[in-house]
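Listing of structure.cif, mmCIF, C-alpha atoms
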```
data_query
#
loop_
_atom_site.label_atom_id
_atom_site.label_comp_id
_atom_site.auth_asym_id
_atom_site.auth_seq_id
_atom_site.Cartn_x
_atom_site.Cartn_y
_atom_site.Cartn_z
CA MET O 10 0.00 0.00 0.00
CA GLU O 11 1.43 3.36 -1.02
CA ALA O 12 0.95 6.51 1.03
CA ALA O 13 -1.72 8.73 -0.53
CA ASN O 14 -1.53 12.18 -2.14
CA GLY O 15 2.21 11.99 -2.65
CA SER O 16 2.38 13.17 -6.25
CA ASP O 17 1.20 16.66 -5.33
CA LEU O 18 4.29 18.68 -4.43
CA ASN O 19 2.17 21.51 -3.01
CA PHE O 20 0.46 18.98 -0.78
CA LEU O 21 3.83 17.84 0.55
CA LYS O 22 4.97 21.42 1.18
CA ARG O 23 1.78 22.12 3.10
CA MET O 24 2.17 18.88 5.03
CA ALA O 25 5.68 19.94 6.05
CA ASP O 26 4.23 23.13 7.50
CA LYS O 27 1.47 21.20 9.26
CA ILE O 28 4.20 19.10 10.85
CA ARG O 29 5.96 22.31 11.89
CA MET O 30 2.77 23.61 13.48
CA HIS O 31 2.36 20.41 15.47
CA VAL O 32 6.00 20.57 16.60
CA ILE O 33 5.57 24.09 17.96
CA GLU O 34 2.29 23.22 19.69
CA MET O 35 3.60 19.97 21.17
CA THR O 36 6.87 21.25 22.54
CA SER O 37 5.28 24.43 23.84
CA GLU O 38 2.59 22.44 25.64
CA ALA O 39 5.26 20.17 27.13
CA GLY O 40 7.52 23.08 28.02
CA SER O 41 10.45 21.07 26.71
CA GLY O 42 11.64 19.12 23.69
CA HIS O 43 13.73 19.67 20.59
CA PRO O 44 11.98 21.89 18.04
CA GLY O 45 15.00 23.09 16.02
CA GLY O 46 15.94 19.79 14.38
CA SER O 47 12.29 18.76 14.04
CA LEU O 48 11.63 21.89 11.99
CA SER O 49 14.69 21.35 9.78
CA SER O 50 13.51 17.79 9.04
CA ALA O 51 9.87 18.63 8.28
CA GLU O 52 10.14 18.27 4.49
CA LEU O 53 11.81 14.88 4.87
CA PHE O 54 9.12 13.58 7.22
CA ALA O 55 6.37 14.79 4.90
CA THR O 56 7.99 13.34 1.79
CA LEU O 57 8.81 9.96 3.29
CA TYR O 58 5.41 9.34 4.86
CA PHE O 59 3.28 10.81 2.09
CA ASN O 60 5.25 9.88 -1.01
CA VAL O 61 8.28 7.64 -0.73
CA MET O 62 7.62 4.87 1.78
CA ARG O 63 5.26 1.93 1.51
CA HIS O 64 3.36 1.77 4.79
CA ASP O 65 -0.14 1.22 6.10
CA PRO O 66 -1.39 3.14 9.17
CA ASN O 67 -4.25 0.63 9.45
CA ASP O 68 -1.77 -2.24 9.63
CA PRO O 69 1.48 -0.91 11.19
CA GLY O 70 3.02 -4.38 11.23
CA TRP O 71 2.31 -5.05 7.55
CA ASP O 72 5.04 -7.37 6.33
CA GLY O 73 5.56 -5.50 3.06
CA ARG O 74 6.21 -2.12 4.63
CA ASP O 75 9.33 -0.02 4.31
CA LYS O 76 10.95 0.95 7.61
CA PHE O 77 12.11 4.26 9.04
CA VAL O 78 14.59 4.63 11.91
CA LEU O 79 14.94 8.02 13.59
CA SER O 80 18.54 7.80 14.76
CA LYS O 81 18.50 11.36 16.08
CA GLY O 82 15.70 10.38 18.41
CA HIS O 83 15.44 13.77 20.09
CA VAL O 84 13.52 15.12 17.07
CA ALA O 85 10.70 12.72 17.88
CA PRO O 86 8.13 15.58 17.74
CA GLY O 87 8.59 15.76 13.96
CA LEU O 88 8.17 12.01 13.58
CA TYR O 89 5.14 11.91 15.88
CA ALA O 90 3.50 14.68 13.87
CA ALA O 91 4.05 12.78 10.61
CA LEU O 92 2.66 9.57 12.11
CA ALA O 93 -0.42 11.35 13.47
CA GLU O 94 -1.07 13.10 10.15
CA SER O 95 -0.70 9.71 8.44
CA GLY O 96 -3.39 8.23 10.68
CA TYR O 97 -1.40 6.03 13.06
CA PHE O 98 -3.02 7.64 16.11
CA PRO O 99 -5.31 10.64 16.84
CA LYS O 100 -3.74 14.06 16.29
CA GLU O 101 -5.19 15.22 19.59
CA GLU O 102 -2.76 12.88 21.36
CA LEU O 103 0.19 14.95 20.13
CA LEU O 104 -0.35 17.43 22.94
CA THR O 105 0.48 14.72 25.50
CA LEU O 106 4.15 14.80 24.45
CA ARG O 107 6.50 14.15 27.39
CA LYS O 108 3.65 14.04 29.91
CA LEU O 109 3.41 11.34 32.58
CA GLY O 110 1.82 8.21 31.14
CA SER O 111 1.92 9.46 27.55
CA ARG O 112 2.76 7.15 24.65
CA LEU O 113 4.71 10.06 23.17
CA GLN O 114 7.98 9.89 25.06
CA GLY O 115 10.79 12.40 24.57
CA HIS O 116 12.49 9.83 22.32
CA PRO O 117 10.76 7.11 20.26
CA VAL O 118 10.03 3.86 22.08
CA LYS O 119 9.17 0.76 20.07
CA GLY O 120 5.98 -0.83 21.36
CA LYS O 121 4.68 2.39 22.89
CA LEU O 122 3.26 3.85 19.69
CA PRO O 123 2.30 2.30 16.33
CA GLY O 124 4.70 3.13 13.53
CA ILE O 125 7.85 3.21 15.68
CA GLU O 126 10.33 0.65 14.34
CA MET O 127 13.16 1.14 16.84
CA SER O 128 13.75 2.75 20.23
CA THR O 129 16.32 5.48 19.64
CA GLY O 130 17.96 8.41 21.38
CA SER O 131 21.45 7.19 22.17
CA LEU O 132 23.13 9.02 19.31
CA GLY O 133 25.18 6.96 16.89
CA GLN O 134 23.17 3.74 17.26
CA GLY O 135 20.39 4.20 14.71
CA MET O 136 22.67 3.49 11.78
CA SER O 137 23.62 0.09 13.26
CA MET O 138 19.96 -0.75 13.83
CA SER O 139 19.14 0.23 10.25
CA CYS O 140 21.92 -1.98 8.92
CA GLY O 141 20.44 -4.88 10.89
CA LEU O 142 16.99 -4.30 9.44
CA ALA O 143 18.34 -3.97 5.90
CA LEU O 144 20.51 -7.08 6.19
CA ALA O 145 17.61 -9.09 7.65
CA ALA O 146 15.40 -8.06 4.73
CA LYS O 147 18.11 -9.20 2.30
CA LEU O 148 18.46 -12.57 4.05
CA ASP O 149 14.68 -13.04 4.02
CA GLY O 150 14.45 -12.17 0.32
CA LYS O 151 12.18 -9.18 0.96
CA ASP O 152 12.17 -5.95 -1.07
CA THR O 153 11.85 -3.85 2.09
CA ARG O 154 13.69 -0.53 1.99
CA VAL O 155 15.12 0.95 5.18
CA TYR O 156 15.48 4.70 5.72
CA CYS O 157 17.46 6.28 8.55
CA LEU O 158 17.73 9.93 9.60
CA LEU O 159 20.89 11.07 11.38
CA GLY O 160 21.90 14.47 12.70
CA ASP O 161 25.11 16.04 11.46
CA GLY O 162 26.40 16.41 15.03
CA GLU O 163 25.59 12.73 15.46
CA MET O 164 28.11 11.93 12.72
CA GLN O 165 30.78 12.69 15.29
CA SER O 166 29.97 9.29 16.82
CA GLY O 167 32.34 6.59 15.61
CA GLN O 168 29.74 3.82 15.65
CA ASN O 169 28.15 5.33 12.54
CA TRP O 170 31.32 4.78 10.52
CA GLU O 171 31.68 1.19 11.72
CA ALA O 172 28.10 0.54 10.63
CA MET O 173 28.75 2.12 7.26
CA MET O 174 31.65 -0.26 6.68
CA LEU O 175 29.25 -3.14 7.31
CA ALA O 176 26.59 -1.66 5.00
CA SER O 177 29.12 -1.30 2.21
CA HIS O 178 30.64 -4.74 2.77
CA TYR O 179 27.26 -6.48 2.57
CA LYS O 180 26.10 -4.27 -0.33
CA LEU O 181 22.97 -3.11 1.49
CA ASN O 182 21.50 -1.24 -1.47
CA ASN O 183 18.12 -1.34 0.29
CA LEU O 184 19.47 1.12 2.87
CA THR O 185 19.21 4.90 2.49
CA ILE O 186 20.55 7.25 5.15
CA PHE O 187 19.84 10.95 5.44
CA VAL O 188 22.11 13.40 7.25
CA ASP O 189 20.34 16.56 8.42
CA ARG O 190 23.16 18.99 7.66
CA ASN O 191 21.91 22.10 9.50
CA ARG O 192 25.43 22.69 10.90
CA LEU O 193 24.25 23.30 14.47
CA GLN O 194 24.17 21.09 17.53
CA ILE O 195 23.44 21.71 21.20
CA MET O 196 26.97 23.09 21.77
CA GLY O 197 26.90 25.39 18.75
CA GLU O 198 28.36 24.97 15.28
CA THR O 199 29.26 21.42 14.33
CA GLU O 200 32.49 22.50 12.67
CA SER O 201 33.62 24.35 15.80
CA THR O 202 32.63 21.51 18.12
CA LEU O 203 34.17 18.65 16.13
CA SER O 204 34.45 19.00 12.36
CA ILE O 205 32.87 16.30 10.20
CA ASP O 206 33.88 17.80 6.86
CA PRO O 207 34.56 16.83 4.17
CA LEU O 208 31.36 14.86 4.86
CA PHE O 209 30.53 14.12 1.21
CA ASP O 210 33.97 12.70 0.49
CA LYS O 211 33.95 10.62 3.66
CA LEU O 212 30.60 9.02 2.80
CA VAL O 213 31.84 8.20 -0.70
CA ALA O 214 35.02 6.71 0.76
CA PHE O 215 32.91 4.43 2.96
CA GLY O 216 31.20 2.97 -0.10
CA PHE O 217 27.96 4.95 -0.19
CA LYS O 218 26.40 6.41 -3.31
CA THR O 219 26.27 9.99 -2.05
CA VAL O 220 24.24 13.02 -3.10
CA SER O 221 23.95 16.47 -1.54
CA ILE O 222 20.64 18.28 -1.96
CA ASP O 223 18.44 21.10 -0.69
CA GLY O 224 16.84 19.40 2.29
CA HIS O 225 13.85 21.73 2.15
CA SER O 226 12.95 20.80 -1.44
CA VAL O 227 10.41 17.97 -1.51
CA LYS O 228 11.09 17.63 -5.25
CA HIS O 229 14.81 17.07 -4.66
CA ILE O 230 14.13 14.58 -1.86
CA ILE O 231 11.82 12.53 -4.08
CA LYS O 232 14.35 12.55 -6.93
CA ALA O 233 17.19 11.46 -4.62
CA CYS O 234 15.10 8.62 -3.15
CA LYS O 235 14.22 7.37 -6.63
CA LYS O 236 17.92 7.25 -7.51
CA ALA O 237 18.62 5.38 -4.26
CA ALA O 238 16.06 2.74 -5.22
CA THR O 239 18.12 1.80 -8.30
CA SER O 240 21.57 1.95 -6.68
CA ARG O 241 23.77 -1.13 -6.29
CA THR O 242 25.24 0.27 -3.08
CA PRO O 243 23.78 1.85 0.08
CA THR O 244 22.89 5.51 -0.43
CA ALA O 245 23.65 8.59 1.66
CA ILE O 246 21.64 11.77 1.09
CA ILE O 247 23.02 14.92 2.67
CA LEU O 248 20.13 17.27 3.41
CA ASN O 249 21.40 20.85 3.47
CA THR O 250 18.94 22.45 5.85
CA ILE O 251 18.40 25.35 8.24
CA LYS O 252 17.92 24.63 11.92
CA GLY O 253 14.51 25.93 12.99
CA LYS O 254 13.40 26.31 9.35
CA GLY O 255 10.01 27.91 8.85
CA VAL O 256 10.01 30.14 11.92
CA SER O 257 12.03 33.31 11.31
CA PHE O 258 13.30 33.93 14.86
CA MET O 259 14.25 30.26 15.33
CA GLU O 260 16.26 29.83 12.14
CA ASN O 261 19.98 29.17 12.60
CA LYS O 262 19.67 29.50 16.38
CA ALA O 263 21.43 26.76 18.34
CA GLU O 264 19.42 27.65 21.47
CA PHE O 265 16.31 26.13 19.89
CA HIS O 266 18.03 22.77 19.57
CA GLY O 267 16.54 21.84 22.92
CA ARG O 268 14.35 24.76 24.02
CA SER O 269 10.63 25.10 23.47
CA CYS O 270 8.94 28.41 22.68
CA LYS O 271 7.73 30.74 25.40
CA PRO O 272 4.02 31.69 25.15
CA ASP O 273 4.62 34.85 23.11
CA GLU O 274 7.13 33.04 20.88
CA LYS O 275 4.65 30.22 20.33
CA GLU O 276 1.97 32.58 19.03
CA LYS O 277 4.44 34.36 16.77
CA ALA O 278 5.70 31.05 15.36
CA LEU O 279 2.22 29.68 14.75
CA SER O 280 1.15 32.93 13.12
CA GLU O 281 4.00 32.67 10.60
CA ILE O 282 3.12 29.09 9.72
CA ARG O 283 -0.63 29.77 9.49
CA GLU O 284 0.07 32.66 7.12
CA ARG O 285 1.87 30.29 4.73
CA LEU O 286 -0.84 27.65 4.99
CA ALA O 287 -3.51 30.26 4.26
#
```

How would this structure read if it were set down as structure tokens?
Amino acid sequence: MEAANGSDLNFLKRMADKIRMHVIEMTSEAGSGHPGGSLSSAELFATLYFNVMRHDPNDPGWDGRDKFVLSKGHVAPGLYAALAESGYFPKEELLTLRKLGSRLQGHPVKGKLPGIEMSTGSLGQGMSMSCGLALAAKLDGKDTRVYCLLGDGEMQSGQNWEAMMLASHYKLNNLTIFVDRNRLQIMGETESTLSIDPLFDKLVAFGFKTVSIDGHSVKHIIKACKKAATSRTPTAIILNTIKGKGVSFMENKAEFHGRSCKPDEKEKALSEIRERLA
């Protein structure tokens, strides 16, 4: 079963902004969370769940589904918003984020919420999990594709590079990884904290078919995913993005990596997004 409405690029752009609106509302209600990276990943979430991936909200365990692993688990608000908009659970439940007893934990927990493939949050581990899923699909003779989203600061973790060696060695061409290259992490600029450049060259050297695109272009994301589907090697897609994208005062601000909006900031942010949706 394919996700519906995916061919309409305007639909996907609007869905990305709906995801952004949910992220602001959720994290503001919780008084905590990670809005910055959720906002920079909004186009990816919209494109994967409403165009690229095979999945069925009415049957989350469908054997023919593609699988998504959110390695940078702290941007769970963006994933939760995409799942709710897809129909995995009621959108009203989004406002329970991080509250006692909620299924929407601060990081994704497999078994808590339908549509969550892996429990993540310990940075650097999602890539290894994704390799396991992709290798298992190969061994079982399934055409399942596995998608994994990593943060650029997360690429400072050595486990990612070990996992990439495995992916290349076993020719896991059913694996596609995305690196959200917004160049900011909780400590500030990635290149000042611990440089990961030249990222493109490193990914190529580790055996990945590598492309670098505008991470806020749903058209470019779709095109890159189509190329990945025909590759003989695992694919890495560098998403050049802006932290806090879509809310003017949050863009390129490291402080919003892990800080929710104050009440006046929330209204200003939502107003900007509503204006675009209108």

Query raised in the report: What residues come out when you apply the PyMOL selection byres ((chain O and resi 130-139) around 10) to this file, written as a ChimeraX atom specification?
Result: /O:76-85,115-118,126-129,140-145,154-160,162-173,175-176,184-186

Report task. Take the PyMOL selection byres ((chain O and resi 285) around 12), apply it to the structure above, and return the hits as a ChimeraX atom specification. Result -> /O:19,22-27,29-30,255-256,278-284,286-287

Report task. Starting from the displayed file, determine the output of the PyMOL selection byres ((chain O and resi 190) around 9) and express the residue list as a list in words. Result ->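 Selected by the PyMOL selection byres ((chain O and resi 190) around 9) in this file: Gly160, Asp161, Gly162, Phe187, Val188, Asp189, Asn191, Arg192, Leu193, Gly224, Ile247, Leu248, Asn249, Thr250, Ile251 and Lys252 of chain O.
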
Query raised in the report: Of the candidates O:Pro207, O:Pro44, O:Gly197, O:Pro272, which one gets nearest to Gly87 in chain O if we count only C-alpha atoms?
Result: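 Once distances to Gly87 in chain O are computed over only C-alpha atoms, the minimum belongs to O:Pro44.
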
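One finds CA of Ala237 in chain O at 16.0 Å from CA of Phe215 in chain O.
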
Report task. Could you jot down the CA of Ser37 in chain O to CA of Asp65 in chain O separation for me, Å, one decimal place? Result ->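 Computing the Euclidean distance for CA of Ser37 in chain O and CA of Asp65 in chain O yields 29.7 Å.
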
Non-local contacts of Leu106 in chain O (9 Å; only C-alpha atoms; under 3 positions in same chain excluded) as an mmCIF file with C-alpha atoms, in the coordinates of the input:
```
data_model
loop_
_atom_site.group_PDB
_atom_site.id
_atom_site.type_symbol
_atom_site.label_atom_id
_atom_site.label_comp_id
_atom_site.auth_asym_id
_atom_site.auth_seq_id
_atom_site.Cartn_x
_atom_site.Cartn_y
_atom_site.Cartn_z
ATOM 1 C CA MET O 35 3.600 19.970 21.170
ATOM 2 C CA THR O 36 6.870 21.250 22.540
ATOM 3 C CA GLU O 38 2.590 22.440 25.640
ATOM 4 C CA ALA O 39 5.260 20.170 27.130
ATOM 5 C CA GLY O 42 11.640 19.120 23.690
ATOM 6 C CA PRO O 86 8.130 15.580 17.740
ATOM 7 C CA GLU O 102 -2.760 12.880 21.360
ATOM 8 C CA LEU O 103 0.190 14.950 20.130
ATOM 9 C CA LEU O 109 3.410 11.340 32.580
ATOM 10 C CA SER O 111 1.920 9.460 27.550
ATOM 11 C CA ARG O 112 2.760 7.150 24.650
ATOM 12 C CA LEU O 113 4.710 10.060 23.170
ATOM 13 C CA GLN O 114 7.980 9.890 25.060
ATOM 14 C CA GLY O 115 10.790 12.400 24.570
#
```

Query raised in the report: Using only C-alpha atoms, which residues sit within 9 Å of range 95-100 of chain O once same-chain residues fewer than 2 positions away are excluded, as a ChimeraX atom specification?
Result: /O:12,31,58-59,65-69,90-93,102-104,122-124

Produce a file of the selected residues containing C-alpha atoms, as a PDB file, in the coordinates of the input.
```pdb
ATOM      1  CA  ALA O  12       0.950   6.510   1.030  1.00  0.00           C
ATOM      2  CA  HIS O  31       2.360  20.410  15.470  1.00  0.00           C
ATOM      3  CA  TYR O  58       5.410   9.340   4.860  1.00  0.00           C
ATOM      4  CA  PHE O  59       3.280  10.810   2.090  1.00  0.00           C
ATOM      5  CA  ASP O  65      -0.140   1.220   6.100  1.00  0.00           C
ATOM      6  CA  PRO O  66      -1.390   3.140   9.170  1.00  0.00           C
ATOM      7  CA  ASN O  67      -4.250   0.630   9.450  1.00  0.00           C
ATOM      8  CA  ASP O  68      -1.770  -2.240   9.630  1.00  0.00           C
ATOM      9  CA  PRO O  69       1.480  -0.910  11.190  1.00  0.00           C
ATOM     10  CA  ALA O  90       3.500  14.680  13.870  1.00  0.00           C
ATOM     11  CA  ALA O  91       4.050  12.780  10.610  1.00  0.00           C
ATOM     12  CA  LEU O  92       2.660   9.570  12.110  1.00  0.00           C
ATOM     13  CA  ALA O  93      -0.420  11.350  13.470  1.00  0.00           C
ATOM     14  CA  GLU O 102      -2.760  12.880  21.360  1.00  0.00           C
ATOM     15  CA  LEU O 103       0.190  14.950  20.130  1.00  0.00           C
ATOM     16  CA  LEU O 104      -0.350  17.430  22.940  1.00  0.00           C
ATOM     17  CA  LEU O 122       3.260   3.850  19.690  1.00  0.00           C
ATOM     18  CA  PRO O 123       2.300   2.300  16.330  1.00  0.00           C
ATOM     19  CA  GLY O 124       4.700   3.130  13.530  1.00  0.00           C
TER      20      GLY O 124
END
```

Query raised in the report: To one decimal place, how far is CA of Phe217 in chain O from CA of Ala238 in chain O in Å?
Result: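 So the answer is 13.1 Å.
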
Report task. For each of O:Met196, O:Leu18, O:Leu88, O:Ile125, take the minimum atom-to-atom distance to Ala263 in chain O, counting all atoms listed in the file, then give the residue where this is smallest. Result ->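 Of O:Met196, O:Leu18, O:Leu88, O:Ile125, the one nearest Ala263 in chain O is O:Met196, counting all atoms listed in the file.
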
Since the input has fewer atoms than a full residue there, write range 103-119 of chain O out with N, CA and C atoms, as a CSV table (one decimal), in the frame of the given file.
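And here's part.csv as it stands now:
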```csv
chain,number,residue,atom,x,y,z
O,103,LEU,N,-1.1,14.3,20.3
O,103,LEU,CA,0.2,15.0,20.1
O,103,LEU,C,0.5,15.9,21.3
O,104,LEU,N,-0.5,16.5,21.8
O,104,LEU,CA,-0.4,17.4,22.9
O,104,LEU,C,0.0,16.8,24.3
O,105,THR,N,0.1,15.4,24.3
O,105,THR,CA,0.5,14.7,25.5
O,105,THR,C,2.0,14.5,25.5
O,106,LEU,N,2.7,15.0,24.5
O,106,LEU,CA,4.2,14.8,24.4
O,106,LEU,C,4.8,15.0,25.8
O,107,ARG,N,5.7,14.1,26.2
O,107,ARG,CA,6.5,14.2,27.4
O,107,ARG,C,5.7,14.2,28.7
O,108,LYS,N,4.4,14.0,28.7
O,108,LYS,CA,3.6,14.0,29.9
O,108,LYS,C,3.6,12.6,30.5
O,109,LEU,N,3.4,12.6,31.8
O,109,LEU,CA,3.4,11.3,32.6
O,109,LEU,C,2.3,10.4,32.0
O,110,GLY,N,2.8,9.2,31.7
O,110,GLY,CA,1.8,8.2,31.1
O,110,GLY,C,1.6,8.3,29.6
O,111,SER,N,2.1,9.3,29.0
O,111,SER,CA,1.9,9.5,27.6
O,111,SER,C,2.7,8.4,26.7
O,112,ARG,N,2.1,8.1,25.6
O,112,ARG,CA,2.8,7.2,24.6
O,112,ARG,C,3.8,7.9,23.9
O,113,LEU,N,3.8,9.2,23.9
O,113,LEU,CA,4.7,10.1,23.2
O,113,LEU,C,5.8,10.5,24.1
O,114,GLN,N,6.8,9.6,24.2
O,114,GLN,CA,8.0,9.9,25.1
O,114,GLN,C,8.9,10.9,24.4
O,115,GLY,N,9.9,11.4,25.1
O,115,GLY,CA,10.8,12.4,24.6
O,115,GLY,C,11.6,11.9,23.4
O,116,HIS,N,11.8,10.5,23.4
O,116,HIS,CA,12.5,9.8,22.3
O,116,HIS,C,11.6,8.6,22.0
O,117,PRO,N,11.7,8.2,20.7
O,117,PRO,CA,10.8,7.1,20.3
O,117,PRO,C,11.0,5.8,21.0
O,118,VAL,N,9.9,5.1,21.4
O,118,VAL,CA,10.0,3.9,22.1
O,118,VAL,C,9.2,2.8,21.3
O,119,LYS,N,9.9,1.8,20.8
O,119,LYS,CA,9.2,0.8,20.1
O,119,LYS,C,8.2,0.0,21.0
```
